[in-house]
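K.L.:
So here's final.cif, just mmCIF, C-alpha atoms (C1' of nucleotides) and all ligand atoms:
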data_entry
loop_
_atom_site.label_atom_id
_atom_site.label_comp_id
_atom_site.auth_asym_id
_atom_site.auth_seq_id
_atom_site.Cartn_x
_atom_site.Cartn_y
_atom_site.Cartn_z
CA MET A 1 9.14 2.29 9.03
CA ARG A 2 6.62 5.06 8.85
CA ILE A 3 3.51 5.00 6.72
CA SER A 4 2.50 8.10 4.76
CA THR A 5 0.18 8.55 1.79
CA LYS A 6 3.03 7.74 -0.54
CA GLY A 7 3.33 4.23 0.79
CA ARG A 8 -0.41 3.77 1.07
CA TYR A 9 -1.00 4.94 -2.48
CA ALA A 10 1.80 2.72 -3.71
CA LEU A 11 0.14 -0.31 -2.18
CA ARG A 12 -3.19 0.60 -3.76
CA VAL A 13 -1.56 0.98 -7.15
CA MET A 14 0.33 -2.29 -6.86
CA LEU A 15 -2.85 -3.99 -5.78
CA TYR A 16 -4.63 -2.54 -8.78
CA LEU A 17 -1.89 -3.78 -11.08
CA ALA A 18 -2.09 -7.20 -9.45
CA GLU A 19 -5.84 -7.34 -9.97
CA HIS A 20 -5.40 -6.56 -13.65
CA TYR A 21 -2.21 -8.52 -14.04
CA THR A 22 -3.38 -10.32 -17.20
CA LEU A 23 -4.28 -7.12 -19.04
CA GLY A 24 -0.71 -6.07 -19.74
CA HIS A 25 0.37 -2.49 -19.11
CA ILE A 26 -1.97 0.18 -17.79
CA ALA A 27 -1.52 3.97 -17.96
CA VAL A 28 -1.25 6.18 -14.91
CA LYS A 29 -4.20 8.12 -16.18
CA VAL A 30 -6.42 5.06 -15.87
CA ILE A 31 -5.09 3.94 -12.49
CA ALA A 32 -5.43 7.41 -10.99
CA GLU A 33 -8.93 7.72 -12.36
CA GLU A 34 -10.04 4.36 -11.01
CA GLU A 35 -8.44 4.90 -7.63
CA SER A 36 -9.40 8.59 -7.35
CA LEU A 37 -5.83 9.76 -6.92
CA SER A 38 -3.81 12.65 -8.31
CA PRO A 39 -2.23 11.47 -11.61
CA LYS A 40 0.83 13.65 -11.23
CA TYR A 41 1.45 12.40 -7.73
CA ILE A 42 1.08 8.81 -8.83
CA GLU A 43 3.58 9.48 -11.58
CA GLN A 44 6.21 10.25 -8.96
CA ILE A 45 5.41 7.10 -7.07
CA MET A 46 5.60 5.03 -10.25
CA SER A 47 9.04 6.47 -10.87
CA LYS A 48 10.26 5.01 -7.57
CA LEU A 49 8.61 1.68 -8.23
CA THR A 50 10.14 1.55 -11.68
CA LYS A 51 13.64 2.39 -10.51
CA ALA A 52 13.37 -0.28 -7.84
CA GLY A 53 12.40 -2.77 -10.52
CA LEU A 54 9.00 -3.60 -9.05
CA VAL A 55 7.13 -2.51 -12.15
CA ILE A 56 8.02 -2.23 -15.80
CA ALA A 57 7.27 0.96 -17.69
CA VAL A 58 6.28 1.11 -21.34
CA ARG A 59 6.64 4.59 -22.77
CA GLY A 60 4.79 6.21 -25.60
CA ALA A 61 1.19 6.08 -26.76
CA ASN A 62 -0.74 3.09 -25.47
CA GLY A 63 2.00 2.55 -22.90
CA GLY A 64 1.74 2.21 -19.15
CA TYR A 65 2.93 0.06 -16.28
CA ARG A 66 2.77 -3.59 -15.39
CA LEU A 67 4.19 -5.73 -12.59
CA ALA A 68 7.66 -7.07 -13.24
CA ASN A 69 6.76 -10.39 -11.62
CA SER A 70 3.65 -12.26 -10.63
CA PRO A 71 1.73 -10.87 -7.62
CA SER A 72 2.92 -13.64 -5.33
CA ASN A 73 6.45 -12.32 -5.60
CA TYR A 74 5.64 -9.01 -3.90
CA SER A 75 5.46 -8.42 -0.18
CA VAL A 76 3.92 -5.32 1.31
CA ALA A 77 7.23 -4.63 3.06
CA GLN A 78 9.00 -4.50 -0.28
CA ILE A 79 6.60 -1.88 -1.60
CA ILE A 80 6.76 0.26 1.52
CA LYS A 81 10.53 0.18 1.70
CA VAL A 82 10.77 1.56 -1.81
CA THR A 83 8.36 4.42 -1.35
CA GLU A 84 8.89 5.60 2.22
CA ASN A 85 11.86 7.53 3.57
CA ASN A 86 13.08 4.82 5.86
CA GLU A 87 15.59 4.90 8.71
CA ASP A 88 13.17 6.59 11.09
CA PHE A 89 11.46 4.90 13.99
CA SER A 90 14.52 4.24 16.17
CA PRO A 91 16.55 7.44 15.85
CA CYS A 92 18.90 6.40 18.65
CA ALA A 93 20.53 3.81 16.41
CA PRO A 94 20.67 5.32 12.91
CA ALA A 95 21.92 3.16 10.06
CA GLY A 96 24.99 5.16 9.12
CA GLY A 97 25.31 7.78 11.87
CA THR A 98 26.65 7.72 15.38
CA PRO A 99 24.32 6.18 17.95
CA CYS A 100 22.86 7.96 20.95
CA PRO A 101 25.43 8.35 23.77
CA ARG A 102 23.18 6.50 26.22
CA TYR A 103 22.50 3.66 23.84
CA LYS A 104 24.51 1.15 25.85
CA LYS A 105 22.53 1.47 29.05
CA CYS A 106 19.17 2.64 27.67
CA ILE A 107 16.35 0.19 27.09
CA SER A 108 13.69 2.39 25.51
CA SER A 109 15.41 2.34 22.14
CA ASP A 110 15.13 -1.45 22.14
CA VAL A 111 11.36 -1.08 22.39
CA TRP A 112 11.22 0.84 19.13
CA GLN A 113 13.54 -1.59 17.43
CA LEU A 114 11.29 -4.38 18.55
CA VAL A 115 8.27 -2.58 17.12
CA GLN A 116 10.11 -2.04 13.87
CA SER A 117 11.18 -5.65 13.49
CA THR A 118 7.70 -6.86 14.39
CA ILE A 119 6.10 -4.77 11.67
CA GLU A 120 8.73 -5.82 9.18
CA GLU A 121 8.15 -9.46 9.95
CA LEU A 122 4.42 -9.01 9.52
CA LEU A 123 4.62 -7.15 6.23
CA ASP A 124 7.38 -9.35 4.88
CA ASN A 125 5.02 -12.31 4.98
CA LEU A 126 2.11 -10.53 3.39
CA THR A 127 2.08 -10.82 -0.39
CA LEU A 128 -0.16 -9.22 -2.97
CA THR A 129 -1.80 -12.59 -3.64
CA ASP A 130 -2.56 -12.85 0.08
CA LEU A 131 -4.33 -9.53 -0.17
CA LEU A 132 -6.21 -10.50 -3.31
CA ARG A 133 -7.39 -13.63 -1.57
CA MET A 134 -8.49 -11.60 1.44
CA GLN A 135 -10.39 -9.30 -0.87
CA GLN A 136 -12.18 -12.27 -2.40
CA ASP A 137 -13.08 -13.47 1.05
CA LYS A 138 -14.21 -10.03 2.12
CA LEU A 139 -16.67 -9.88 -0.76
CA GLY A 140 -17.68 -13.52 -0.89
CA THR A 141 -17.13 -16.57 1.25
CA PRO A 142 -14.84 -15.78 4.15
CA SER A 143 -12.07 -18.15 5.17
CA LEU A 144 -8.62 -16.73 5.61
CA TYR A 145 -10.14 -13.31 6.08
CA LEU A 146 -12.14 -14.42 9.06
CA THR A 147 -9.08 -15.92 10.64
CA TYR A 148 -7.24 -12.70 10.24
CA LEU A 149 -10.15 -10.62 11.48
CA SER A 150 -10.47 -12.73 14.59
CA HIS A 151 -6.83 -12.12 15.28
CA LEU A 152 -7.48 -8.43 14.83
CA ASN A 153 -10.40 -8.34 17.24
CA LYS A 154 -8.60 -10.45 19.78
CA LYS A 155 -6.55 -7.47 20.81
CA MET B 1 -0.33 4.58 16.45
CA ARG B 2 2.50 6.77 15.42
CA ILE B 3 5.70 7.32 17.34
CA SER B 4 7.18 10.81 17.65
CA THR B 5 9.60 12.30 20.15
CA LYS B 6 6.71 13.10 22.45
CA GLY B 7 5.92 9.42 22.91
CA ARG B 8 9.54 8.42 23.08
CA TYR B 9 10.38 11.06 25.67
CA ALA B 10 7.31 10.05 27.67
CA LEU B 11 8.52 6.48 27.83
CA ARG B 12 11.97 7.60 28.95
CA VAL B 13 10.48 9.76 31.68
CA MET B 14 8.15 7.02 32.87
CA LEU B 15 11.05 4.63 32.88
CA TYR B 16 13.06 7.08 34.91
CA LEU B 17 10.23 7.46 37.41
CA ALA B 18 9.93 3.68 37.59
CA GLU B 19 13.64 3.32 38.30
CA HIS B 20 13.38 5.82 41.13
CA TYR B 21 9.96 4.73 42.26
CA THR B 22 10.91 4.53 45.91
CA LEU B 23 12.27 8.07 46.09
CA GLY B 24 8.88 9.79 46.02
CA HIS B 25 8.28 12.72 43.70
CA ILE B 26 10.94 14.11 41.42
CA ALA B 27 11.03 17.54 39.75
CA VAL B 28 11.01 18.04 35.99
CA LYS B 29 14.24 19.96 36.35
CA VAL B 30 15.98 16.85 37.65
CA ILE B 31 14.48 14.45 35.14
CA ALA B 32 15.26 16.70 32.19
CA GLU B 33 18.80 17.16 33.43
CA GLU B 34 19.41 13.44 33.88
CA GLU B 35 17.83 12.51 30.56
CA SER B 36 19.29 15.46 28.63
CA LEU B 37 15.91 16.73 27.52
CA SER B 38 14.33 20.17 27.27
CA PRO B 39 12.66 20.92 30.64
CA LYS B 40 9.89 23.03 29.13
CA TYR B 41 9.05 20.33 26.63
CA ILE B 42 8.97 17.68 29.34
CA GLU B 43 6.63 19.94 31.30
CA GLN B 44 4.06 19.67 28.52
CA ILE B 45 4.40 15.94 28.38
CA MET B 46 3.99 15.69 32.14
CA SER B 47 0.79 17.69 31.82
CA LYS B 48 -0.67 15.01 29.56
CA LEU B 49 0.51 12.21 31.79
CA THR B 50 -0.96 13.95 34.82
CA LYS B 51 -4.34 14.59 33.22
CA ALA B 52 -4.49 10.96 32.15
CA GLY B 53 -3.82 9.93 35.73
CA LEU B 54 -0.60 8.07 35.00
CA VAL B 55 1.48 10.25 37.29
CA ILE B 56 0.68 12.37 40.31
CA ALA B 57 1.91 15.94 40.51
CA VAL B 58 2.95 17.68 43.68
CA ARG B 59 3.07 21.43 43.30
CA GLY B 60 5.15 23.99 45.11
CA ALA B 61 8.73 23.99 46.32
CA ASN B 62 10.23 20.54 46.69
CA GLY B 63 7.39 19.16 44.57
CA GLY B 64 7.57 17.00 41.48
CA TYR B 65 6.05 13.91 39.91
CA ARG B 66 5.71 10.30 40.86
CA LEU B 67 3.98 7.28 39.35
CA ALA B 68 0.35 6.87 40.37
CA ASN B 69 0.76 3.10 40.56
CA SER B 70 3.58 0.60 40.73
CA PRO B 71 5.63 0.11 37.52
CA SER B 72 4.03 -3.25 36.77
CA ASN B 73 0.70 -1.50 36.18
CA TYR B 74 1.92 0.46 33.18
CA SER B 75 2.10 -0.84 29.64
CA VAL B 76 4.04 0.97 26.94
CA ALA B 77 0.82 1.18 24.92
CA GLN B 78 -0.85 3.10 27.71
CA ILE B 79 1.90 5.69 27.76
CA ILE B 80 1.97 6.10 24.01
CA LYS B 81 -1.79 6.44 23.69
CA VAL B 82 -1.76 9.34 26.12
CA THR B 83 1.03 11.29 24.49
CA GLU B 84 0.60 10.71 20.78
CA ASN B 85 -2.08 12.19 18.58
CA ASN B 86 -3.76 8.94 17.79
CA GLU B 87 -6.35 8.12 15.16
CA ASP B 88 -3.77 8.21 12.39
CA PHE B 89 -2.36 5.14 10.70
CA SER B 90 -5.56 3.98 9.03
CA PRO B 91 -7.13 7.22 7.74
CA CYS B 92 -9.73 5.33 5.72
CA ALA B 93 -11.62 4.35 8.86
CA PRO B 94 -11.41 7.30 11.23
CA ALA B 95 -12.83 6.90 14.71
CA GLY B 96 -15.54 9.56 14.52
CA GLY B 97 -15.61 10.62 10.87
CA THR B 98 -17.11 9.10 7.76
CA PRO B 99 -15.10 6.22 6.31
CA CYS B 100 -13.55 6.17 2.86
CA PRO B 101 -16.19 5.51 0.16
CA ARG B 102 -14.31 2.44 -1.09
CA TYR B 103 -13.90 0.99 2.36
CA LYS B 104 -16.30 -1.88 1.73
CA LYS B 105 -14.46 -3.38 -1.18
CA CYS B 106 -10.91 -2.16 -0.45
CA ILE B 107 -8.41 -4.40 1.27
CA SER B 108 -5.41 -2.11 1.67
CA SER B 109 -6.97 -0.32 4.63
CA ASP B 110 -7.18 -3.66 6.41
CA VAL B 111 -3.44 -3.97 6.10
CA TRP B 112 -2.90 -0.80 8.09
CA GLN B 113 -5.43 -1.82 10.66
CA LEU B 114 -3.62 -5.11 11.01
CA VAL B 115 -0.35 -3.27 11.53
CA GLN B 116 -1.98 -1.07 14.11
CA SER B 117 -3.50 -3.93 16.07
CA THR B 118 -0.25 -5.88 15.92
CA ILE B 119 1.69 -3.02 17.46
CA GLU B 120 -0.99 -2.48 20.07
CA GLU B 121 -0.93 -6.11 21.04
CA LEU B 122 2.82 -6.03 21.35
CA LEU B 123 2.98 -2.86 23.44
CA ASP B 124 -0.02 -3.79 25.54
CA ASN B 125 1.92 -6.72 26.92
CA LEU B 126 5.08 -4.80 27.63
CA THR B 127 5.14 -3.25 31.10
CA LEU B 128 7.62 -0.92 32.72
CA THR B 129 8.80 -3.76 34.97
CA ASP B 130 9.45 -5.84 31.87
CA LEU B 131 11.66 -3.04 30.60
CA LEU B 132 13.45 -2.63 33.91
CA ARG B 133 14.17 -6.35 33.90
CA MET B 134 15.45 -6.16 30.34
CA GLN B 135 17.70 -3.31 31.37
CA GLN B 136 19.12 -5.39 34.20
CA ASP B 137 19.76 -8.18 31.74
CA LYS B 138 21.30 -5.84 29.23
CA LEU B 139 23.83 -4.66 31.80
CA GLY B 140 24.37 -7.90 33.66
CA THR B 141 23.39 -11.50 33.14
CA PRO B 142 21.16 -11.84 30.10
CA SER B 143 18.08 -14.06 30.19
CA LEU B 144 14.83 -12.61 28.98
CA TYR B 145 16.77 -10.04 27.04
CA LEU B 146 18.56 -12.67 24.98
CA THR B 147 15.28 -14.34 24.15
CA TYR B 148 13.91 -11.08 22.95
CA LEU B 149 17.03 -10.24 21.00
CA SER B 150 16.96 -13.57 19.21
CA HIS B 151 13.41 -12.86 18.16
CA LEU B 152 14.56 -9.50 16.91
CA ASN B 153 17.38 -10.91 14.83
CA LYS B 154 15.25 -13.72 13.48
CA LYS B 155 13.49 -11.30 11.09
"C1'" DA C 1 5.36 37.61 55.49
"C1'" DA C 2 8.45 37.24 51.88
"C1'" DA C 3 11.26 34.78 48.96
"C1'" DT C 4 11.75 30.73 46.53
"C1'" DA C 5 10.73 26.59 43.97
"C1'" DA C 6 7.99 24.02 41.79
"C1'" DT C 7 3.74 22.82 38.67
"C1'" DC C 8 0.26 24.78 35.54
"C1'" DC C 9 -1.48 27.07 31.37
"C1'" DC C 10 -1.48 29.02 27.00
"C1'" DA C 11 0.52 31.29 23.25
"C1'" DG C 12 3.83 31.70 19.82
"C1'" DT C 13 7.87 30.23 16.56
"C1'" DG C 14 11.13 27.80 13.48
"C1'" DC C 15 11.81 23.93 10.87
"C1'" DA C 16 11.31 19.94 8.17
"C1'" DA C 17 8.53 16.72 5.83
"C1'" DT C 18 4.44 15.72 3.40
"C1'" DA C 19 1.39 16.16 -0.38
"C1'" DG C 20 0.81 17.75 -3.91
"C1'" DT C 21 1.37 21.21 -8.74
"C1'" DA C 22 3.39 22.59 -12.90
"C1'" DG C 23 5.89 22.51 -17.14
"C1'" DG C 24 8.16 20.51 -20.40
"C1'" DA C 25 11.58 16.87 -22.62
"C1'" DA C 26 11.96 12.21 -24.48
"C1'" DA C 27 9.98 8.08 -26.51
"C1'" DA C 28 6.83 5.25 -28.90
"C1'" DA C 29 2.51 4.43 -31.75
"C1'" DG C 30 -0.56 5.48 -35.31
"C1'" DC D 1 3.97 14.55 -37.47
"C1'" DT D 2 0.58 14.40 -34.19
"C1'" DT D 3 -0.88 12.15 -30.16
"C1'" DT D 4 -0.17 9.66 -26.11
"C1'" DT D 5 2.33 8.15 -22.85
"C1'" DT D 6 6.42 8.02 -19.42
"C1'" DC D 7 10.28 10.74 -17.54
"C1'" DC D 8 12.58 14.50 -14.96
"C1'" DT D 9 13.11 18.52 -12.31
"C1'" DA D 10 11.61 22.19 -9.86
"C1'" DC D 11 8.43 24.70 -7.12
"C1'" DT D 12 4.74 25.52 -3.40
"C1'" DA D 13 1.47 25.25 0.10
"C1'" DT D 14 0.15 23.09 4.24
"C1'" DT D 15 0.71 20.55 8.13
"C1'" DG D 16 2.62 18.72 12.24
"C1'" DC D 17 6.46 18.46 15.19
"C1'" DA D 18 9.69 20.26 18.53
"C1'" DC D 19 10.43 23.27 20.97
"C1'" DT D 20 10.62 28.39 23.49
"C1'" DG D 21 8.70 32.01 26.57
"C1'" DG D 22 6.04 34.37 29.81
"C1'" DG D 23 3.47 34.45 33.44
"C1'" DA D 24 -0.16 32.67 36.95
"C1'" DT D 25 -0.87 29.42 40.72
"C1'" DT D 26 0.44 26.60 44.61
"C1'" DA D 27 3.29 25.16 48.24
"C1'" DT D 28 7.52 25.09 50.94
"C1'" DT D 29 11.18 27.37 53.37
"C1'" DT D 30 13.21 30.91 55.92
S1 LIG A 201 19.38 5.19 23.33
FE1 LIG A 201 19.02 7.22 22.84
S2 LIG A 201 17.61 7.71 24.40
FE2 LIG A 201 17.80 5.61 24.72
S1 LIG A 202 -10.59 2.15 2.16
FE1 LIG A 202 -9.94 4.11 1.65
S2 LIG A 202 -8.54 3.60 0.08
FE2 LIG A 202 -9.02 1.64 0.79
#
Transcribe the structure of this file into structure tokens.
Ligand code: FES
Ligand code: FES

P.N.:
Amino acid sequence: MRISTKGRYALRVMLYLAEHYTLGHIAVKVIAEEESLSPKYIEQIMSKLTKAGLVIAVRGANGGYRLANSPSNYSVAQIIKVTENNEDFSPCAPAGGTPCPRYKKCISSDVWQLVQSTIEELLDNLTLTDLLRMQQDKLGTPSLYLTYLSHLNKK
Amino acid sequence: MRISTKGRYALRVMLYLAEHYTLGHIAVKVIAEEESLSPKYIEQIMSKLTKAGLVIAVRGANGGYRLANSPSNYSVAQIIKVTENNEDFSPCAPAGGTPCPRYKKCISSDVWQLVQSTIEELLDNLTLTDLLRMQQDKLGTPSLYLTYLSHLNKK
DNA sequence: AAATAATCCCAGTGCAATAGTAGGAAAAAG
DNA sequence: CTTTTTCCTACTATTGCACTGGGATTATTT
């Protein structure tokens, strides 16, 4: 699970759509403008999100995109998995291919699998509504956000 | 904190040195041979590890490398930080540069920081001796290793 | 002293993935 | 039938990664 701009942009877009969930569909042109991103690049990302069923596209004039479900139904992991070229991170045990010859006795590969599963677990339990709530807290009265920040600084 | 071959190879080498800790210094030629890695590439990695003080180099014939301290003093995080080009992962808040203009009101960047700190916390508490013990368990009687595996499969 | 065996240092190269650009076809609305 | 949007495919430029190579330096061995 590697994070590139594609995944990061996708999250920003999904977050934008979640913020304006009640407005119905929104055009790429608007989203890209508001988020200061390349419209054509966002188009490609929307294509992936659409094919995965995360968003619904409305073609033609006055069309655009909207979330297929309510924001609470989306985890960050879901969004990242759709946009990123997965199956990296622990190359010794590829999904379909033959594993590394020293896989049986080697322990380092287990470290990377552990990292992977840890991130997945974290992002699986982080929904768009969680993020919206954090954003509220960040701007106004902190509650959950402070808890999370303290965890972050604990490191 | 991004993981490329450089970091992965570094861990394998450090693990190898930890396994043969009592033997004194070992030449790159030997390590590369045993681990099936490019000697010249390992040389570069050793240079970083040496400059960071993680290993001690002995030049000249019959020279080589050995750990500067006992295996229990090394965390995986330490090794990775030395070898990988850090300061990626959350490009909106670079260490020395100016942060993203929307950093104050944007929440997505916090997600990536959270991922980063989670991985750091995990790898900070994982020492080379931990890994050696896991390896023992993996080959023989499982104890800690099973605990860790169950956590992994829980996802 | 000379040959040898190792680290050190720095430069260059090939490749693959990322991060976009570009152009136009299809669909829906006015 | 014109405009506005998504859709689809191809192309490109840059970047970073994963090495490769050549030689200088240092120490051992003979
Ligand atoms: S399993 Fe491939 S190097 Fe450890
Ligand atoms: S802070 Fe840069 S995009 Fe969110």

K.L.:
Neighbours of ligand LIG 202 (chain A) at 10 Å or closer, counting all atoms listed in the file: which residues, as a VMD selection string?

P.N.:
(chain A and resid 8 to 9 11 to 12 35 to 37) or (chain B and resid 90 to 93 99 to 112)

K.L.:
Output C-alpha atoms of each residue in that selection to a file, as an mmCIF file, in the frame of the given file.

P.N.:
data_model
loop_
_atom_site.group_PDB
_atom_site.id
_atom_site.type_symbol
_atom_site.label_atom_id
_atom_site.label_comp_id
_atom_site.auth_asym_id
_atom_site.auth_seq_id
_atom_site.Cartn_x
_atom_site.Cartn_y
_atom_site.Cartn_z
ATOM 1 C CA ARG A 8 -0.410 3.770 1.070
ATOM 2 C CA TYR A 9 -1.000 4.940 -2.480
ATOM 3 C CA LEU A 11 0.140 -0.310 -2.180
ATOM 4 C CA ARG A 12 -3.190 0.600 -3.760
ATOM 5 C CA GLU A 35 -8.440 4.900 -7.630
ATOM 6 C CA SER A 36 -9.400 8.590 -7.350
ATOM 7 C CA LEU A 37 -5.830 9.760 -6.920
ATOM 8 C CA SER B 90 -5.560 3.980 9.030
ATOM 9 C CA PRO B 91 -7.130 7.220 7.740
ATOM 10 C CA CYS B 92 -9.730 5.330 5.720
ATOM 11 C CA ALA B 93 -11.620 4.350 8.860
ATOM 12 C CA PRO B 99 -15.100 6.220 6.310
ATOM 13 C CA CYS B 100 -13.550 6.170 2.860
ATOM 14 C CA PRO B 101 -16.190 5.510 0.160
ATOM 15 C CA ARG B 102 -14.310 2.440 -1.090
ATOM 16 C CA TYR B 103 -13.900 0.990 2.360
ATOM 17 C CA LYS B 104 -16.300 -1.880 1.730
ATOM 18 C CA LYS B 105 -14.460 -3.380 -1.180
ATOM 19 C CA CYS B 106 -10.910 -2.160 -0.450
ATOM 20 C CA ILE B 107 -8.410 -4.400 1.270
ATOM 21 C CA SER B 108 -5.410 -2.110 1.670
ATOM 22 C CA SER B 109 -6.970 -0.320 4.630
ATOM 23 C CA ASP B 110 -7.180 -3.660 6.410
ATOM 24 C CA VAL B 111 -3.440 -3.970 6.100
ATOM 25 C CA TRP B 112 -2.900 -0.800 8.090
#

K.L.:
Using only C-alpha atoms (C1' of nucleotides), find the residues of chain A whose closest atom to chain D is at most 7 Å away, then write them as a PyMOL selection string.

P.N.:
chain A and resi 59-63

K.L.:
CA of Arg66 (chain A) to CA of Ala18 (chain A): how many Å, to one decimal?

P.N.:
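So the two atoms, CA of Arg66 (chain A) and CA of Ala18 (chain A), lie 8.5 Å apart.
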
K.L.:
Please indicate the distance in Å from atom FE1 of ligand LIG 201 (chain A) to CA of Asp137 (chain B), rounded to one decimal place.

P.N.:
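Separating atom FE1 of ligand LIG 201 (chain A) from CA of Asp137 (chain B) is a distance of 17.8 Å.
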
K.L.:
With 8 Å added on each side, what axis-aligned box encloses every listed atom of region 39-42 of chain A? Give the centre and edge lengths in Å to one decimal, as lines of an AutoDock Vina configuration file.

P.N.:
center_x = -0.4
center_y = 11.2
center_z = -9.7
size_x = 19.7
size_y = 20.8
size_z = 19.9

K.L.:
Mind listing as a list in words which residues of chain B are within 12 Å of chain C, counting only C-alpha atoms (C1' of nucleotides)?

P.N.:
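Putting it all together, I get His25, Ile26, Ala27, Val28, Lys29, Val30, Lys40, Ile42, Glu43, Gln44, Met46, Ser47, Lys48, Thr50, Lys51, Ile56, Ala57, Val58, Arg59, Gly60, Ala61, Asn62, Gly63, Gly64 and Tyr65 of chain B.
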
K.L.:
In terms of the shortest atom-to-atom distance over all atoms listed in the file, which of A:Gln113, A:Thr5, A:Asn85, A:Asn69 is closest to ligand LIG 201 (chain A)?

P.N.:
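When distances to ligand LIG 201 (chain A) are compared using all atoms listed in the file, the smallest one comes from A:Gln113.
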
K.L.:
Work out how far apart CA of Glu84 (chain A) and CA of Gly7 (chain A) are and give it in Å to one decimal.

P.N.:
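We find that CA of Glu84 (chain A) and CA of Gly7 (chain A) lie 5.9 Å from each other.
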